[in-house]
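Pasted below: structure.tsv, TSV, C-alpha atoms and all ligand atoms.
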chain	number	residue	atom	x	y	z
Y	14	MET	CA	-31.99	61.94	-33.87
Y	15	ASP	CA	-35.36	61.81	-32.17
Y	16	PHE	CA	-35.04	58.22	-31.03
Y	17	LEU	CA	-32.17	59.22	-28.74
Y	18	THR	CA	-34.02	62.00	-26.98
Y	19	SER	CA	-37.75	61.22	-27.15
Y	20	GLY	CA	-37.46	59.49	-23.75
Y	21	THR	CA	-35.01	57.98	-21.32
Y	22	HIS	CA	-35.72	54.31	-22.19
Y	23	LEU	CA	-32.73	53.84	-24.44
Y	24	HIS	CA	-30.41	55.30	-21.80
Y	25	LEU	CA	-31.99	53.11	-19.10
Y	26	THR	CA	-31.65	50.01	-21.29
Y	27	THR	CA	-27.97	50.64	-22.01
Y	28	TRP	CA	-26.87	51.12	-18.40
Y	29	ILE	CA	-28.99	48.23	-17.07
Y	30	ILE	CA	-27.44	45.84	-19.61
Y	31	ALA	CA	-23.99	47.24	-18.77
Y	32	LEU	CA	-24.63	46.69	-15.06
Y	33	ILE	CA	-25.61	43.05	-15.66
Y	34	LEU	CA	-22.50	42.42	-17.81
Y	35	PHE	CA	-20.37	44.14	-15.16
Y	36	PHE	CA	-21.69	41.89	-12.37
Y	37	ILE	CA	-21.21	38.76	-14.49
Y	38	ALA	CA	-17.57	39.74	-15.13
Y	39	ALA	CA	-17.03	40.87	-11.52
Y	40	VAL	CA	-18.24	37.67	-9.82
Y	41	SER	CA	-16.66	35.26	-12.30
Y	42	PRO	CA	-13.54	33.58	-10.93
Y	43	LYS	CA	-11.99	33.78	-14.41
Y	44	LYS	CA	-11.23	36.82	-16.57
Y	45	LEU	CA	-14.14	37.09	-19.04
Y	46	THR	CA	-12.45	38.95	-21.89
Y	47	GLY	CA	-15.44	38.66	-24.28
Y	48	VAL	CA	-17.92	39.97	-21.71
Y	49	GLN	CA	-15.57	42.85	-20.87
Y	50	MET	CA	-15.26	43.78	-24.55
Y	51	VAL	CA	-19.05	43.89	-24.98
Y	52	LEU	CA	-19.26	45.87	-21.74
Y	53	ARG	CA	-16.93	48.50	-23.22
Y	54	VAL	CA	-19.22	48.87	-26.23
Y	55	PHE	CA	-22.05	49.49	-23.77
Y	56	TYR	CA	-20.01	52.21	-22.03
Y	57	ILE	CA	-19.96	54.02	-25.37
Y	58	LEU	CA	-23.73	53.52	-25.83
Y	59	ILE	CA	-24.38	54.86	-22.30
Y	60	ILE	CA	-22.31	57.96	-23.08
Y	61	ILE	CA	-24.02	58.49	-26.46
Y	62	THR	CA	-27.56	58.11	-25.05
Y	63	GLY	CA	-26.79	60.13	-21.89
Y	64	GLY	CA	-24.91	62.77	-23.90
Y	65	ALA	CA	-27.86	63.14	-26.29
Y	66	LEU	CA	-30.26	63.66	-23.36
Y	67	PHE	CA	-27.85	66.20	-21.90
Y	68	LEU	CA	-27.52	68.22	-25.13
Y	69	GLU	CA	-31.26	68.13	-25.77
Y	70	TYR	CA	-32.56	69.05	-22.30
Y	71	ARG	CA	-29.88	70.84	-20.34
Y	72	ASP	CA	-30.83	74.38	-21.34
Y	73	MET	CA	-34.53	73.71	-20.92
Y	74	ILE	CA	-33.97	72.24	-17.43
Y	75	ALA	CA	-31.64	75.10	-16.52
Y	76	SER	CA	-34.34	77.64	-17.34
Y	77	THR	CA	-37.18	75.82	-15.54
Y	78	HIS	CA	-35.54	74.22	-12.45
Y	79	ASN	CA	-34.47	77.12	-10.18
Y	80	GLY	CA	-32.53	78.56	-13.09
Y	81	SER	CA	-29.77	75.98	-12.58
Y	82	GLY	CA	-28.57	73.07	-14.68
Y	83	MET	CA	-26.20	71.95	-11.93
Y	84	THR	CA	-28.01	68.63	-11.35
Y	85	TYR	CA	-27.63	67.88	-15.02
Y	86	ASP	CA	-23.92	68.65	-15.07
Y	87	MET	CA	-23.36	66.56	-11.94
Y	88	LYS	CA	-25.36	63.71	-13.52
Y	89	VAL	CA	-22.91	63.53	-16.43
Y	90	LEU	CA	-19.92	63.66	-14.07
Y	91	PHE	CA	-21.25	60.91	-11.80
Y	92	GLY	CA	-22.39	58.77	-14.76
Y	93	ILE	CA	-18.83	58.83	-16.07
Y	94	LEU	CA	-17.50	58.04	-12.58
Y	95	VAL	CA	-19.74	54.94	-12.42
Y	96	ILE	CA	-18.21	53.74	-15.69
Y	97	GLY	CA	-14.73	54.54	-14.35
Y	98	PHE	CA	-15.29	52.47	-11.22
Y	99	MET	CA	-16.66	49.52	-13.18
Y	100	GLU	CA	-13.43	49.54	-15.21
Y	101	MET	CA	-11.23	49.93	-12.14
Y	102	ILE	CA	-12.96	47.10	-10.27
Y	103	LEU	CA	-12.59	44.71	-13.21
Y	104	ALA	CA	-8.97	45.70	-13.81
Y	105	ARG	CA	-8.06	45.20	-10.14
Y	106	LYS	CA	-10.02	41.96	-9.92
Y	107	ASN	CA	-8.18	40.58	-12.97
Y	108	LYS	CA	-4.84	41.45	-11.35
Y	109	GLY	CA	-5.92	39.82	-8.08
Y	110	LYS	CA	-5.71	43.13	-6.16
Y	111	SER	CA	-7.95	44.03	-3.20
Y	112	LEU	CA	-11.35	45.51	-4.02
Y	113	GLY	CA	-13.10	46.38	-0.72
Y	114	ILE	CA	-12.93	50.19	-0.81
Y	115	PHE	CA	-13.57	50.21	-4.57
Y	116	TRP	CA	-16.90	48.41	-4.12
Y	117	VAL	CA	-17.89	50.86	-1.39
Y	118	ILE	CA	-17.13	53.88	-3.58
Y	119	PHE	CA	-18.80	52.23	-6.58
Y	120	VAL	CA	-22.06	51.72	-4.64
Y	121	ILE	CA	-22.02	55.32	-3.36
Y	122	VAL	CA	-21.27	56.80	-6.80
Y	123	PHE	CA	-23.95	54.58	-8.37
Y	124	LEU	CA	-26.61	55.64	-5.83
Y	125	VAL	CA	-25.74	59.32	-6.32
Y	126	THR	CA	-26.05	58.82	-10.10
Y	127	LEU	CA	-29.47	57.19	-9.70
Y	128	TYR	CA	-30.60	60.04	-7.48
Y	129	LEU	CA	-29.36	62.71	-9.90
Y	130	GLY	CA	-30.91	60.90	-12.89
Y	131	LEU	CA	-34.24	60.45	-11.16
Y	132	SER	CA	-34.36	64.08	-10.08
Y	133	GLY	CA	-33.28	65.42	-13.47
Y	134	GLY	CA	-36.66	66.60	-14.68
Y	135	ILE	CA	-37.34	64.35	-17.67
Y	136	GLY	CA	-38.29	60.67	-17.72
Y	137	TRP	CA	-39.02	59.47	-14.18
Y	138	ASP	CA	-38.87	62.42	-11.82
Y	139	LEU	CA	-38.97	60.86	-8.37
Y	140	PHE	CA	-37.06	63.30	-6.17
Y	201	LIG	C1	-23.66	53.62	-15.57
Y	201	LIG	C2	-23.80	54.91	-15.54
Y	201	LIG	C3	-25.16	55.60	-15.52
Y	201	LIG	C4	-26.30	55.31	-14.80
Y	201	LIG	C5	-26.51	54.22	-13.78
Y	201	LIG	C6	-27.30	56.30	-15.20
Y	201	LIG	C7	-28.60	56.34	-14.70
Y	201	LIG	C8	-29.58	57.23	-15.10
Y	201	LIG	C9	-30.94	57.27	-14.60
Y	201	LIG	C10	-31.54	56.34	-13.54
Y	201	LIG	C11	-31.57	58.28	-15.24
Y	201	LIG	C12	-33.03	58.73	-15.05
Y	201	LIG	C13	-33.89	58.19	-16.17
Y	201	LIG	C14	-35.32	58.66	-16.05
Y	201	LIG	O1	-35.59	59.63	-15.33
Y	201	LIG	O2	-36.19	58.06	-16.69
Y	201	LIG	C15	-30.63	58.91	-16.13
Y	201	LIG	C16	-30.88	60.01	-16.91
Y	201	LIG	C17	-29.90	60.76	-17.53
Y	201	LIG	N1	-28.56	60.40	-17.72
Y	201	LIG	FE1	-27.68	58.76	-16.98
Y	201	LIG	N2	-26.75	57.15	-16.13
Y	201	LIG	C18	-25.44	56.76	-16.35
Y	201	LIG	C19	-24.52	57.35	-17.19
Y	201	LIG	C20	-24.72	58.57	-17.83
Y	201	LIG	C21	-23.73	59.28	-18.61
Y	201	LIG	C22	-22.30	58.77	-18.88
Y	201	LIG	C23	-24.31	60.45	-19.04
Y	201	LIG	C24	-23.75	61.56	-19.88
Y	201	LIG	C25	-22.82	61.43	-20.79
Y	201	LIG	C26	-25.67	60.47	-18.53
Y	201	LIG	C27	-26.60	61.49	-18.75
Y	201	LIG	C28	-27.93	61.44	-18.37
Y	201	LIG	C29	-28.88	62.51	-18.63
Y	201	LIG	C30	-28.59	63.84	-19.30
Y	201	LIG	C31	-30.12	62.08	-18.10
Y	201	LIG	C32	-31.45	62.83	-18.08
Y	201	LIG	C33	-31.71	63.34	-16.68
Y	201	LIG	C34	-33.19	63.63	-16.45
Y	201	LIG	O3	-33.62	64.75	-16.68
Y	201	LIG	O4	-33.90	62.71	-15.99
Y	201	LIG	N3	-25.88	59.31	-17.81
Y	201	LIG	N4	-29.41	58.24	-16.04
Just dump the structure as structure tokens.
Amino acid sequence: MDFLTSGTHLHLTTWIIALILFFIAAVSPKKLTGVQMVLRVFYILIIITGGALFLEYRDMIASTHNGSGMTYDMKVLFGILVIGFMEMILARKNKGKSLGIFWVIFVIVFLVTLYLGLSGGIGWDLF
């Protein structure tokens, strides 16, 4: 399955589209059931593309980056947390519940995920 692991573009594409769909659903005054269903399909695509990168590169990264794959493991954990917070925010918004602290945590978890992804060793390696 070379197309999944020959670069990070597919993974980037899936989470950027998911993020756009999430914001559309989050700012809409109505519940956008269709958008939320498509968004859930994208969650699965994010997990498949991220999971493929993880399986392909984790051991290699663990042996070249200070002998530790910790960043990689944390990346998966935080990536899943981002998805979790998108779901929680939309669920609470649809029920009319308060969101303040959830947005704060979402932004923090998202920034940590970006940092971990961009320091992972493959694709862009900014940090
Ligand atoms: C919405 C959630 C997510 C966001 C915003 C996100 C973001 C990113 C970013 C910015 C990169 C770096 C791409 C590059 O260097 O070119 C990346 C890479 C990666 N992501 Fe995600 N990701 C998310 C979810 C996931 C999930 C759920 C998994 C695992 C199941 C995952 C696993 C990975 C792996 C293994 C890499 C490669 C790290 C590297 O060496 O650069 N991601 N992700």
Expected selection as a VMD selection string for ligand LIG 201 (chain Y) within 9 Å, all atoms listed in the file | chain Y and resid 20 to 22 24 to 25 27 to 29 31 to 32 56 to 71 74 84 to 86 88 to 96 99 123 to 124 126 to 139
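Interatomic distance, CA of Ala39 in chain Y to CA of Thr26 in chain Y: 19.8 Å.
Note that the spacing between CA of Met73 in chain Y and CA of Val125 in chain Y amounts to 22.3 Å.
Taking CA of Leu45 in chain Y and CA of Lys106 in chain Y as the two end points, the separation is 11.1 Å.
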Have a look at Y:Phe16, Y:Ala75, Y:Leu34, Y:Met87 and name the one nearest to Gln49 in chain Y; count all atoms listed in the file.
-> Y:Leu34
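You can rank Y:Leu103, Y:Leu23, Y:Ile30, Y:Val54 by their closest distance to Pro42 in chain Y using all atoms listed in the file, and at the top of that list sits Y:Leu103.
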Which of Y:Val48, Y:Val122, Y:Met83, Y:Ala38 sits closest to Ile102 in chain Y [using all atoms listed in the file] = Y:Ala38
